[in-house]
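*Asks:* Have a peek at upload_8.cif (mmCIF, C-alpha atoms and all ligand atoms).
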```cif
data_work
#
loop_
_atom_site.label_atom_id
_atom_site.label_comp_id
_atom_site.auth_asym_id
_atom_site.auth_seq_id
_atom_site.Cartn_x
_atom_site.Cartn_y
_atom_site.Cartn_z
CA MET A 1 -85.94 -72.02 -51.83
CA GLU A 2 -86.01 -70.67 -55.37
CA VAL A 3 -88.18 -67.82 -54.22
CA HIS A 4 -85.50 -66.76 -51.76
CA HIS A 5 -82.85 -66.68 -54.45
CA ILE A 6 -85.03 -64.32 -56.46
CA MET A 7 -85.74 -62.21 -53.42
CA LEU A 8 -82.09 -61.96 -52.43
CA ARG A 9 -81.46 -59.79 -55.44
CA LEU A 10 -84.14 -57.27 -54.48
CA GLN A 11 -82.22 -55.38 -51.83
CA ALA A 12 -79.00 -53.69 -52.86
CA PRO A 13 -76.30 -53.82 -50.18
CA LEU A 14 -76.37 -50.81 -47.87
CA PRO A 15 -73.75 -48.09 -48.32
CA GLU A 16 -70.71 -48.76 -46.16
CA GLN A 17 -71.39 -45.87 -43.81
CA TYR A 18 -74.34 -47.87 -42.44
CA THR A 19 -72.58 -51.20 -42.07
CA THR A 20 -69.30 -50.09 -40.53
CA THR A 21 -70.62 -47.62 -37.99
CA THR A 22 -70.95 -48.24 -34.23
CA THR A 23 -74.21 -48.95 -32.45
CA ILE A 24 -73.92 -45.69 -30.51
CA GLU A 25 -73.49 -43.71 -33.70
CA LEU A 26 -76.36 -45.54 -35.41
CA ASN A 27 -78.68 -44.86 -32.50
CA ALA A 28 -77.78 -41.18 -32.52
CA ARG A 29 -78.45 -40.96 -36.25
CA ILE A 30 -81.76 -42.83 -36.04
CA ARG A 31 -82.84 -40.52 -33.21
CA ALA A 32 -81.86 -37.41 -35.17
CA ALA A 33 -83.63 -38.58 -38.34
CA LYS A 34 -86.77 -39.54 -36.42
CA GLU A 35 -86.82 -36.14 -34.70
CA ALA A 36 -86.33 -34.32 -37.99
CA LEU A 37 -89.26 -36.20 -39.54
CA GLY A 38 -91.54 -35.74 -36.50
CA ASP A 39 -95.16 -36.75 -37.07
CA ARG A 40 -94.52 -37.27 -40.77
CA VAL A 41 -93.08 -40.69 -39.99
CA PHE A 42 -94.77 -43.51 -38.08
CA ILE A 43 -92.64 -46.56 -37.32
CA LEU A 44 -94.44 -49.87 -36.87
CA GLY A 45 -92.74 -52.76 -35.08
CA HIS A 46 -94.02 -56.31 -35.38
CA HIS A 47 -93.71 -58.41 -32.21
CA TYR A 48 -91.06 -60.61 -33.84
CA GLN A 49 -88.65 -57.75 -34.54
CA ARG A 50 -85.25 -57.41 -32.89
CA ASP A 51 -84.92 -55.13 -29.86
CA GLU A 52 -82.52 -52.81 -31.71
CA VAL A 53 -85.39 -51.99 -34.09
CA MET A 54 -88.30 -52.37 -31.69
CA LYS A 55 -87.01 -49.62 -29.43
CA TRP A 56 -87.72 -47.09 -32.20
CA ALA A 57 -91.24 -48.32 -32.95
CA ASP A 58 -94.10 -45.88 -32.37
CA ALA A 59 -96.44 -48.88 -32.12
CA ARG A 60 -96.01 -52.59 -31.55
CA GLY A 61 -98.45 -55.24 -32.62
CA ASP A 62 -99.38 -58.01 -35.00
CA SER A 63 -99.63 -57.36 -38.71
CA PHE A 64 -103.30 -56.45 -38.95
CA ARG A 65 -103.35 -54.24 -35.87
CA LEU A 66 -100.31 -52.33 -37.11
CA SER A 67 -101.89 -51.75 -40.52
CA VAL A 68 -105.02 -50.37 -38.86
CA LEU A 69 -102.87 -48.10 -36.68
CA ALA A 70 -101.14 -46.76 -39.79
CA GLN A 71 -104.60 -45.99 -41.22
CA GLU A 72 -105.47 -44.16 -37.99
CA HIS A 73 -102.41 -41.89 -38.32
CA PRO A 74 -103.11 -39.96 -41.53
CA GLU A 75 -100.69 -37.21 -40.45
CA ALA A 76 -97.88 -39.70 -41.13
CA ASP A 77 -96.88 -39.46 -44.77
CA TYR A 78 -94.35 -42.23 -44.28
CA ILE A 79 -95.15 -45.56 -42.67
CA VAL A 80 -91.96 -47.48 -41.95
CA PHE A 81 -93.06 -51.07 -41.44
CA CYS A 82 -90.52 -53.11 -39.48
CA GLY A 83 -91.94 -56.49 -40.38
CA VAL A 84 -92.18 -58.51 -43.58
CA HIS A 85 -93.40 -57.82 -47.10
CA PHE A 86 -97.04 -58.95 -46.84
CA MET A 87 -97.47 -56.71 -43.79
CA ALA A 88 -96.24 -53.65 -45.65
CA GLU A 89 -98.66 -54.54 -48.48
CA SER A 90 -101.55 -54.74 -46.01
CA ALA A 91 -100.63 -51.34 -44.60
CA GLU A 92 -100.48 -49.94 -48.14
CA ILE A 93 -103.96 -51.32 -48.87
CA LEU A 94 -105.48 -49.81 -45.73
CA THR A 95 -103.76 -46.43 -45.67
CA ALA A 96 -104.68 -43.26 -47.59
CA ASP A 97 -103.18 -42.43 -50.98
CA HIS A 98 -100.83 -39.76 -49.61
CA GLN A 99 -99.24 -42.27 -47.20
CA GLN A 100 -96.22 -44.15 -48.47
CA VAL A 101 -95.31 -47.48 -46.93
CA ILE A 102 -91.66 -48.42 -46.61
CA LEU A 103 -90.08 -51.80 -45.84
CA PRO A 104 -86.51 -51.23 -44.56
CA ASP A 105 -85.16 -54.40 -46.24
CA LEU A 106 -86.87 -55.66 -49.41
CA ASN A 107 -85.57 -59.16 -48.72
CA ALA A 108 -87.79 -59.41 -45.66
CA GLY A 109 -90.39 -61.76 -47.09
CA CYS A 110 -92.29 -64.51 -45.29
CA SER A 111 -91.52 -68.09 -46.25
CA MET A 112 -95.07 -69.11 -45.39
CA ALA A 113 -96.66 -66.41 -47.54
CA ASP A 114 -94.38 -67.51 -50.39
CA MET A 115 -95.80 -71.04 -50.22
CA ALA A 116 -98.97 -70.01 -52.06
CA ASP A 117 -98.81 -67.78 -55.10
CA LEU A 118 -101.58 -66.48 -57.32
CA ASP A 119 -100.86 -68.84 -60.22
CA GLU A 120 -101.04 -71.87 -57.96
CA VAL A 121 -104.27 -70.73 -56.32
CA GLU A 122 -105.88 -69.94 -59.69
CA GLN A 123 -104.81 -73.36 -60.93
CA ALA A 124 -106.28 -75.02 -57.83
CA TRP A 125 -109.54 -73.16 -58.34
CA GLU A 126 -109.75 -74.27 -61.95
CA GLU A 127 -109.00 -77.91 -61.14
CA LEU A 128 -111.54 -77.93 -58.34
CA ALA A 129 -114.18 -76.33 -60.56
CA ALA A 130 -113.98 -79.44 -62.76
CA VAL A 131 -114.92 -81.80 -59.91
CA ILE A 132 -117.02 -79.89 -57.35
CA ASP A 133 -119.64 -77.14 -57.35
CA ILE A 134 -117.23 -74.22 -57.21
CA GLN A 135 -120.01 -71.85 -56.13
CA ARG A 136 -120.13 -73.72 -52.82
CA LEU A 137 -116.37 -73.43 -52.23
CA VAL A 138 -115.28 -70.44 -50.13
CA PRO A 139 -111.62 -69.34 -50.32
CA ILE A 140 -110.11 -68.06 -47.08
CA THR A 141 -106.63 -66.64 -46.88
CA TYR A 142 -104.63 -66.03 -43.74
CA MET A 143 -103.37 -62.49 -43.25
CA ASN A 144 -99.89 -63.92 -43.97
CA SER A 145 -100.33 -63.93 -47.74
CA SER A 146 -99.61 -61.63 -50.65
CA ALA A 147 -101.99 -58.82 -51.61
CA ALA A 148 -102.68 -60.71 -54.86
CA LEU A 149 -104.09 -63.66 -52.90
CA LYS A 150 -106.18 -61.40 -50.71
CA ALA A 151 -107.59 -59.90 -53.91
CA PHE A 152 -108.30 -63.38 -55.32
CA VAL A 153 -110.26 -64.19 -52.20
CA GLY A 154 -112.10 -60.87 -52.32
CA ASP A 155 -113.03 -61.47 -55.96
CA HIS A 156 -114.24 -65.04 -55.28
CA GLY A 157 -116.61 -64.43 -52.36
CA GLY A 158 -114.13 -65.23 -49.59
CA ALA A 159 -112.42 -63.37 -46.76
CA VAL A 160 -109.12 -62.84 -44.99
CA CYS A 161 -108.61 -64.13 -41.45
CA THR A 162 -106.08 -63.53 -38.70
CA SER A 163 -104.98 -66.06 -36.12
CA THR A 164 -107.32 -64.32 -33.67
CA ASN A 165 -110.49 -64.46 -35.76
CA ALA A 166 -109.89 -67.61 -37.85
CA ARG A 167 -112.71 -69.50 -36.14
CA ALA A 168 -115.31 -66.79 -36.72
CA VAL A 169 -114.25 -66.48 -40.35
CA LEU A 170 -114.37 -70.26 -40.95
CA GLU A 171 -117.81 -70.45 -39.32
CA TRP A 172 -118.97 -67.65 -41.60
CA ALA A 173 -117.50 -69.44 -44.63
CA LEU A 174 -119.33 -72.67 -43.84
CA GLY A 175 -122.57 -70.74 -43.45
CA ARG A 176 -122.05 -69.45 -46.94
CA GLY A 177 -120.81 -72.62 -48.69
CA ASP A 178 -120.10 -76.31 -48.11
CA LYS A 179 -116.33 -76.23 -48.24
CA VAL A 180 -113.36 -74.05 -47.54
CA LEU A 181 -110.10 -73.75 -49.46
CA PHE A 182 -107.75 -72.41 -46.79
CA PHE A 183 -104.29 -71.01 -47.52
CA PRO A 184 -101.36 -70.73 -47.00
CA ASP A 185 -101.06 -72.22 -43.46
CA GLN A 186 -102.36 -75.77 -43.08
CA HIS A 187 -101.73 -75.69 -39.30
CA LEU A 188 -103.88 -72.65 -38.56
CA GLY A 189 -106.60 -74.19 -40.74
CA ARG A 190 -106.38 -77.59 -39.02
CA ASN A 191 -106.13 -76.25 -35.47
CA THR A 192 -109.10 -73.97 -36.01
CA ALA A 193 -111.23 -76.67 -37.66
CA MET A 194 -110.38 -79.13 -34.85
CA ALA A 195 -111.36 -76.51 -32.24
CA MET A 196 -114.68 -76.19 -34.10
CA GLY A 197 -115.28 -79.92 -33.60
CA TYR A 198 -114.22 -81.21 -37.01
CA THR A 199 -112.00 -84.29 -37.28
CA PRO A 200 -109.02 -85.09 -39.51
CA GLU A 201 -111.42 -87.02 -41.80
CA ASP A 202 -113.10 -83.72 -42.67
CA MET A 203 -109.80 -82.31 -43.96
CA ARG A 204 -107.48 -82.96 -46.87
CA ILE A 205 -104.12 -81.42 -47.67
CA TRP A 206 -103.94 -79.60 -50.98
CA ASN A 207 -100.45 -80.02 -52.42
CA PRO A 208 -100.06 -77.38 -55.17
CA ARG A 209 -97.27 -79.38 -56.82
CA LEU A 210 -99.56 -82.32 -57.64
CA ASP A 211 -102.54 -82.70 -59.98
CA LEU A 212 -105.78 -81.94 -58.18
CA GLY A 213 -103.64 -81.18 -55.14
CA GLY A 214 -102.70 -84.86 -54.89
CA LEU A 215 -106.32 -85.77 -54.15
CA SER A 216 -108.76 -88.18 -55.72
CA GLU A 217 -112.05 -86.75 -56.97
CA ALA A 218 -113.78 -88.48 -54.07
CA ASP A 219 -111.43 -86.78 -51.57
CA ALA A 220 -112.05 -83.38 -53.11
CA LYS A 221 -115.81 -83.98 -52.91
CA GLU A 222 -115.82 -85.32 -49.36
CA ALA A 223 -113.54 -82.82 -47.63
CA THR A 224 -115.00 -79.88 -45.76
CA PHE A 225 -111.58 -78.26 -45.47
CA LEU A 226 -108.98 -78.24 -48.22
CA LEU A 227 -105.85 -77.13 -46.39
CA TRP A 228 -103.04 -75.70 -48.49
CA LYS A 229 -99.72 -77.45 -47.92
CA GLY A 230 -97.97 -74.44 -46.38
CA HIS A 231 -96.48 -73.83 -42.97
CA CYS A 232 -94.41 -71.41 -40.92
CA SER A 233 -90.93 -72.84 -40.48
CA VAL A 234 -90.53 -71.04 -37.15
CA HIS A 235 -93.69 -72.47 -35.56
CA GLN A 236 -93.52 -75.87 -37.20
CA ARG A 237 -90.26 -76.55 -35.36
CA PHE A 238 -92.03 -77.03 -32.03
CA THR A 239 -92.74 -80.67 -31.17
CA PRO A 240 -94.73 -82.55 -28.51
CA ALA A 241 -91.34 -83.62 -27.08
CA HIS A 242 -90.60 -79.96 -26.30
CA VAL A 243 -93.86 -79.73 -24.37
CA GLU A 244 -93.09 -82.96 -22.50
CA ALA A 245 -89.60 -81.79 -21.56
CA PHE A 246 -90.99 -78.47 -20.30
CA ARG A 247 -93.67 -80.22 -18.25
CA ALA A 248 -91.11 -82.64 -16.77
CA GLU A 249 -89.06 -79.69 -15.57
CA HIS A 250 -92.00 -77.49 -14.57
CA PRO A 251 -94.95 -79.71 -13.56
CA ASP A 252 -97.08 -76.64 -12.71
CA GLY A 253 -95.97 -74.69 -15.77
CA ILE A 254 -98.36 -73.28 -18.35
CA VAL A 255 -97.88 -74.09 -22.05
CA VAL A 256 -99.08 -71.46 -24.53
CA VAL A 257 -98.51 -71.91 -28.26
CA HIS A 258 -99.35 -70.12 -31.49
CA PRO A 259 -101.89 -71.81 -33.81
CA GLU A 260 -99.25 -71.95 -36.58
CA CYS A 261 -97.74 -74.83 -34.55
CA SER A 262 -98.74 -78.34 -35.60
CA ASN A 263 -101.88 -79.89 -34.16
CA GLU A 264 -99.75 -82.46 -32.29
CA VAL A 265 -98.29 -79.54 -30.32
CA ALA A 266 -101.49 -77.48 -30.07
CA SER A 267 -103.43 -80.48 -28.74
CA VAL A 268 -101.05 -80.93 -25.77
CA ALA A 269 -100.76 -77.20 -24.96
CA ASP A 270 -102.80 -75.55 -22.20
CA GLN A 271 -103.66 -72.58 -24.38
CA VAL A 272 -103.44 -71.82 -28.09
CA GLY A 273 -103.64 -68.31 -29.51
CA SER A 274 -102.26 -65.45 -31.58
CA THR A 275 -99.32 -63.28 -30.54
CA ASP A 276 -101.72 -60.88 -28.81
CA TYR A 277 -103.33 -63.81 -27.05
CA ILE A 278 -99.91 -65.06 -25.88
CA ILE A 279 -99.02 -61.62 -24.51
CA LYS A 280 -102.32 -61.47 -22.60
CA ALA A 281 -101.88 -65.06 -21.34
CA VAL A 282 -98.49 -64.13 -19.87
CA GLU A 283 -99.99 -60.99 -18.29
CA ALA A 284 -102.86 -63.01 -16.84
CA ALA A 285 -100.65 -65.74 -15.32
CA PRO A 286 -100.16 -65.42 -11.54
CA PRO A 287 -96.88 -64.00 -10.18
CA GLY A 288 -94.26 -66.73 -9.96
CA ALA A 289 -95.80 -68.73 -12.81
CA VAL A 290 -93.56 -70.52 -15.28
CA ILE A 291 -94.83 -70.18 -18.86
CA GLY A 292 -93.47 -72.21 -21.78
CA VAL A 293 -94.20 -70.38 -25.02
CA GLY A 294 -94.27 -71.73 -28.56
CA THR A 295 -93.69 -68.74 -30.81
CA GLU A 296 -90.92 -66.60 -32.32
CA ILE A 297 -87.97 -66.14 -29.98
CA HIS A 298 -87.84 -62.31 -30.00
CA LEU A 299 -91.34 -62.09 -28.61
CA VAL A 300 -90.57 -64.76 -26.00
CA GLN A 301 -87.38 -63.00 -24.90
CA ARG A 302 -89.12 -59.63 -24.73
CA LEU A 303 -91.93 -61.10 -22.63
CA ALA A 304 -89.32 -62.64 -20.32
CA GLU A 305 -87.57 -59.28 -19.88
CA GLU A 306 -90.76 -57.29 -19.44
CA THR A 307 -92.37 -59.73 -17.01
CA PRO A 308 -89.73 -60.12 -14.29
CA ASP A 309 -92.17 -61.56 -11.73
CA LYS A 310 -92.83 -64.61 -13.97
CA THR A 311 -90.55 -67.03 -15.77
CA VAL A 312 -91.16 -67.00 -19.52
CA VAL A 313 -89.18 -69.48 -21.60
CA SER A 314 -89.24 -70.80 -25.14
CA LEU A 315 -90.49 -74.37 -25.40
CA ASP A 316 -87.62 -75.05 -27.78
CA PRO A 317 -84.28 -74.21 -26.17
CA LEU A 318 -82.60 -74.14 -29.59
CA VAL A 319 -85.24 -72.08 -31.35
CA CYS A 320 -84.12 -69.87 -34.24
CA PRO A 321 -85.57 -66.44 -34.96
CA CYS A 322 -87.74 -65.82 -38.01
CA SER A 323 -84.90 -65.32 -40.47
CA THR A 324 -86.77 -62.86 -42.66
CA MET A 325 -88.05 -60.72 -39.78
CA PHE A 326 -84.44 -60.72 -38.58
CA ARG A 327 -83.31 -58.92 -41.72
CA ILE A 328 -84.68 -55.63 -40.48
CA ASP A 329 -81.90 -54.18 -38.35
CA ALA A 330 -80.75 -50.79 -37.08
CA PRO A 331 -78.58 -50.05 -40.18
CA HIS A 332 -81.55 -50.61 -42.56
CA LEU A 333 -83.84 -48.52 -40.36
CA CYS A 334 -81.26 -45.73 -40.24
CA TRP A 335 -80.80 -45.90 -44.02
CA VAL A 336 -84.52 -45.50 -44.82
CA LEU A 337 -85.02 -42.73 -42.25
CA GLU A 338 -82.01 -40.68 -43.37
CA ASN A 339 -83.18 -41.00 -46.96
CA LEU A 340 -86.60 -39.72 -45.95
CA VAL A 341 -84.98 -36.72 -44.29
CA GLU A 342 -83.23 -36.05 -47.61
CA GLY A 343 -86.58 -36.37 -49.43
CA ASN A 344 -85.84 -39.80 -50.97
CA VAL A 345 -88.42 -42.50 -50.47
CA VAL A 346 -86.49 -45.77 -50.67
CA ASN A 347 -88.06 -49.26 -50.57
CA GLN A 348 -91.63 -48.08 -51.08
CA ILE A 349 -94.12 -50.96 -51.24
CA THR A 350 -96.90 -50.45 -53.75
CA VAL A 351 -99.92 -52.53 -54.68
CA PRO A 352 -101.75 -52.04 -58.03
CA PRO A 353 -105.18 -50.34 -57.60
CA ALA A 354 -107.20 -53.36 -58.86
CA VAL A 355 -105.43 -55.64 -56.39
CA GLN A 356 -105.99 -53.13 -53.60
CA GLU A 357 -109.69 -53.09 -54.34
CA GLY A 358 -110.11 -56.89 -54.23
CA ALA A 359 -107.94 -57.18 -51.14
CA ARG A 360 -109.91 -54.43 -49.40
CA THR A 361 -113.13 -56.33 -50.13
CA ALA A 362 -111.66 -59.45 -48.50
CA LEU A 363 -110.40 -57.48 -45.49
CA GLN A 364 -113.71 -55.66 -45.13
CA ARG A 365 -115.59 -58.98 -45.11
CA MET A 366 -113.31 -60.11 -42.30
CA LEU A 367 -114.10 -56.95 -40.34
CA ASP A 368 -117.83 -57.37 -40.95
CA ILE A 369 -117.70 -60.96 -39.70
CA THR A 370 -115.70 -60.24 -36.55
S1 LIG B 401 -92.71 -66.19 -38.23
FE1 LIG B 401 -93.41 -67.56 -39.89
S2 LIG B 401 -95.33 -66.68 -40.63
FE2 LIG B 401 -94.26 -65.08 -39.40
S3 LIG B 401 -93.10 -63.90 -40.92
FE3 LIG B 401 -91.72 -65.50 -40.13
S4 LIG B 401 -92.00 -67.20 -41.59
FE4 LIG B 401 -93.70 -65.82 -41.91
#
```
Is it possible to give me this structure as structure tokens?

*Replies:*
Amino acid sequence: MEVHHIMLRLQAPLPEQYTTTTTIELNARIRAAKEALGDRVFILGHHYQRDEVMKWADARGDSFRLSVLAQEHPEADYIVFCGVHFMAESAEILTADHQQVILPDLNAGCSMADMADLDEVEQAWEELAAVIDIQRLVPITYMNSSAALKAFVGDHGGAVCTSTNARAVLEWALGRGDKVLFFPDQHLGRNTAMAMGYTPEDMRIWNPRLDLGGLSEADAKEATFLLWKGHCSVHQRFTPAHVEAFRAEHPDGIVVVHPECSNEVASVADQVGSTDYIIKAVEAAPPGAVIGVGTEIHLVQRLAEETPDKTVVSLDPLVCPCSTMFRIDAPHLCWVLENLVEGNVVNQITVPPAVQEGARTALQRMLDIT
């Protein structure tokens, strides 16, 4: 929680003209600013964004895909990333020097990414080096992590993974060493390792608040996977009871969940996969199918609206949106675009060159593996 208090101070309140205006007026102003900027601006919309923002996106996707798209549009000097902080950092790492990446609200962080910071990971590495052969430990970070952690991984022989390629990256890691330190999402690590045929005995949770992660030396030596004690609060909310209730109501329904859900949920789902996988699973379902989805509510609602011949519902009827993704709204988008028209780059996200280099190495390894 502390991290959020620090982050709350990052974004100054918007000028009143953005917060008191009508939706119609805001839309007209966003349209005008976007037209004035033309190809110089490229707006990226993550799948979990609100509709009021998503309708202005030039591209929709998950974080890695959007960063690659930004790289493929060098004519755009300004990349407005409607997503969260680590995504804007990834876009900054992959884009050319003349491209500036903008996050419409600096308070849009990711609570999961904040669960592992560089100091904690360096400390973990040091403590582990005292009890195991550190050369045989491969660090893997999920895309949902700061640029500093990606650089750590790049500098220590590891790689980044996404929820789509986690299995291939973990297989690569275990071909290169005996053990994996996986951060920040324990659930993606566990679900992927279980799908590879490993059992809970092969895994240990690394709690960064405890000495040696709360493990005995024997545990640290025995484990194949050291899973960082981090999670996504949006996906961790889903429970097996939600799946049971859905199945009771829709006996022929299909359950598709994101691998950031707990293994208790993933193991009773019909399909488990990334946001792109979920979108394709809904597309592939036969007309009339009822699909219960375990992921962020904006994506589920959008899929429901855009797939009228199927019934798409959230597995959790009370699900909350990702509160940090939710921060990006039409007033913030309008504010950054109008500033760009005036020649002011507000909320630029930068990454120091040395960090960019290490992070690029880790991302490149991922691309080479997959
Ligand atoms: S949905 Fe979870 S992992 Fe994604 S940005 Fe929100 S908190 Fe982070």

*Asks:* Compile the contact shell of Leu210 of chain A as a list of chain:residue names: residues with an atom at most 12 Å away, counting only C-alpha atoms, same-chain residues fewer than 3 positions apart removed.

*Replies:* A:Glu120, A:Gln123, A:Ala124, A:Glu127, A:Ile205, A:Trp206, A:Asn207, A:Gly213, A:Gly214, A:Leu215, A:Ser216, A:Trp228, A:Lys229

*Asks:* Would you give me, as JSON lines, each residue of chain A having an atom within 6 Å of an atom of ligand LIG 401 (chain B), along with its shortest atom pair and that distance in Å to one decimal, using only C-alpha atoms and all ligand atoms and sorting by chain and residue number?

*Replies:*
```
{"residue": "A:Cys110", "atom": "CA", "partner": "B:LIG401", "partner_atom": "FE4", "distance": 3.9}
{"residue": "A:Ser111", "atom": "CA", "partner": "B:LIG401", "partner_atom": "S4", "distance": 4.8}
{"residue": "A:Met112", "atom": "CA", "partner": "B:LIG401", "partner_atom": "FE4", "distance": 5.0}
{"residue": "A:Cys232", "atom": "CA", "partner": "B:LIG401", "partner_atom": "FE1", "distance": 4.1}
{"residue": "A:Ser233", "atom": "CA", "partner": "B:LIG401", "partner_atom": "S4", "distance": 5.8}
{"residue": "A:Val234", "atom": "CA", "partner": "B:LIG401", "partner_atom": "FE1", "distance": 5.3}
{"residue": "A:Cys322", "atom": "CA", "partner": "B:LIG401", "partner_atom": "FE3", "distance": 4.5}
```

*Asks:* Mind pulling up the distance from atom CA of Ala218 of chain A to atom CA of Thr199 of chain A?

*Replies:*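 Taking atom CA of Thr199 of chain A and atom CA of Ala218 of chain A, their separation equals 17.4 Å.
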
*Asks:* Give me, please, the distance in Å between atom CA of Arg136 of chain A and atom CA of Asp155 of chain A, quoted to one decimal.

*Replies:*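 About the pair atom CA of Arg136 of chain A and atom CA of Asp155 of chain A: they are 14.5 Å apart.
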
*Asks:* Could you jot down the atom CA of Ser163 of chain A to atom CA of Asn263 of chain A separation for me, Å, one decimal place?

*Replies:*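 Distance between the two atoms: 14.3 Å.
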
*Asks:* Taking all atoms listed in the file into account, name the residue in A:Pro240, A:Leu118, A:Ala354, A:Thr370 that is nearest to Pro208 of chain A.

*Replies:*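 Going through A:Pro240, A:Leu118, A:Ala354, A:Thr370 one by one, the smallest distance to Pro208 of chain A is for A:Leu118.
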
*Asks:* Closest to Val153 of chain A among A:Glu122, A:Glu171, A:Asp316, A:Asp202, using all atoms listed in the file?

*Replies:*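 Using all atoms listed in the file, the shortest distance to Val153 of chain A belongs to A:Glu122.
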
*Asks:* Using only C-alpha atoms, which protein or nucleic acid residues come within 12 Å of Leu26 of chain A? Drop anything in the same chain fewer than 2 positions from it, and give the result as a ChimeraX atom specification.

*Replies:* /A:17-24,28-33,52-53,56,329-335,337-338

*Asks:* Taking a cut-off of 12 Å and counting only C-alpha atoms, can you build a table that, for each residue of segment 122-227 of chain A near segment 277-290 of chain A, reports the nearest atom pair and how far apart they are in Å (one decimal), sorted by chain then residue number, as CSV?

*Replies:*
```
residue,atom,partner,partner_atom,distance
A:Thr162,CA,A:Tyr277,CA,12.0
A:Ser163,CA,A:Tyr277,CA,9.5
A:Thr164,CA,A:Tyr277,CA,7.7
A:Asn165,CA,A:Tyr277,CA,11.3
```

*Asks:* Could you write out the selected residues, including C-alpha atoms, as a PDB file, in the frame of the given file?

*Replies:*
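The resulting result-v3.pdb:
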```pdb
ATOM      1  CA  THR A 162    -106.080 -63.530 -38.700  1.00  0.00           C
ATOM      2  CA  SER A 163    -104.980 -66.060 -36.120  1.00  0.00           C
ATOM      3  CA  THR A 164    -107.320 -64.320 -33.670  1.00  0.00           C
ATOM      4  CA  ASN A 165    -110.490 -64.460 -35.760  1.00  0.00           C
TER       5      ASN A 165
END
```

*Asks:* What lies within 7 Å of segment 265-272 of chain A using all atoms listed in the file, ignoring chain neighbours under 5 positions off, as a VMD selection string?

*Replies:* chain A and resid 238 to 240 254 to 259

*Asks:* Around all listed atoms of segment 323-331 of chain A, padded 8 Å per side, what centre and edge lengths does the axis-aligned box have in Å to one decimal, as JSON?

*Replies:*
```
{"center_x": -83.3, "center_y": -57.7, "center_z": -39.9, "size_x": 25.5, "size_y": 31.3, "size_z": 21.6}
```

*Asks:* For Glu72 of chain A, list every protein, DNA or RNA residue within 10 Å, evaluated using only C-alpha atoms, and leave out those in the same chain fewer than 4 positions away; present the list as a ChimeraX atom specification.

*Replies:* /A:66-68,76,94-96

*Asks:* Near segment 83-91 of chain A, counting only C-alpha atoms, which residues have an atom at most 9 Å away, once you skip same-chain residues fewer than 2 positions from it, shown as an MDAnalysis selection string?

*Replies:* chainID A and resid 44:49 63:64 66:71 79:81 93:95 101:110 113 143:147 324:326 328 349:351 356 359

*Asks:* Of the candidates A:Leu128, A:Cys261, A:Ile43, A:Val121, which shows the shortest atom-to-atom distance to Val293 of chain A, using all atoms listed in the file?

*Replies:*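 So, comparing all the options, the nearest one is A:Cys261.
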
*Asks:* Rank A:Cys161, A:Val41, A:Ala151, A:Met115 by their smallest atom-to-atom distance to Met366 of chain A, using all atoms listed in the file, and report the top residue only.

*Replies:* A:Cys161

*Asks:* Given the choices A:Gly189, A:Gly273, A:Gly292, A:Gly158, which gets closest to Pro251 of chain A if the distance is worked out from all atoms listed in the file?

*Replies:*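 For Pro251 of chain A, the nearest of the candidates is A:Gly292.
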
*Asks:* Between A:Val160, A:Leu367, A:Ala12, A:Leu37, which one has atoms that come closest to Asn339 of chain A, using all atoms listed in the file?

*Replies:*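 Among the listed residues, A:Leu37 lies closest to Asn339 of chain A.
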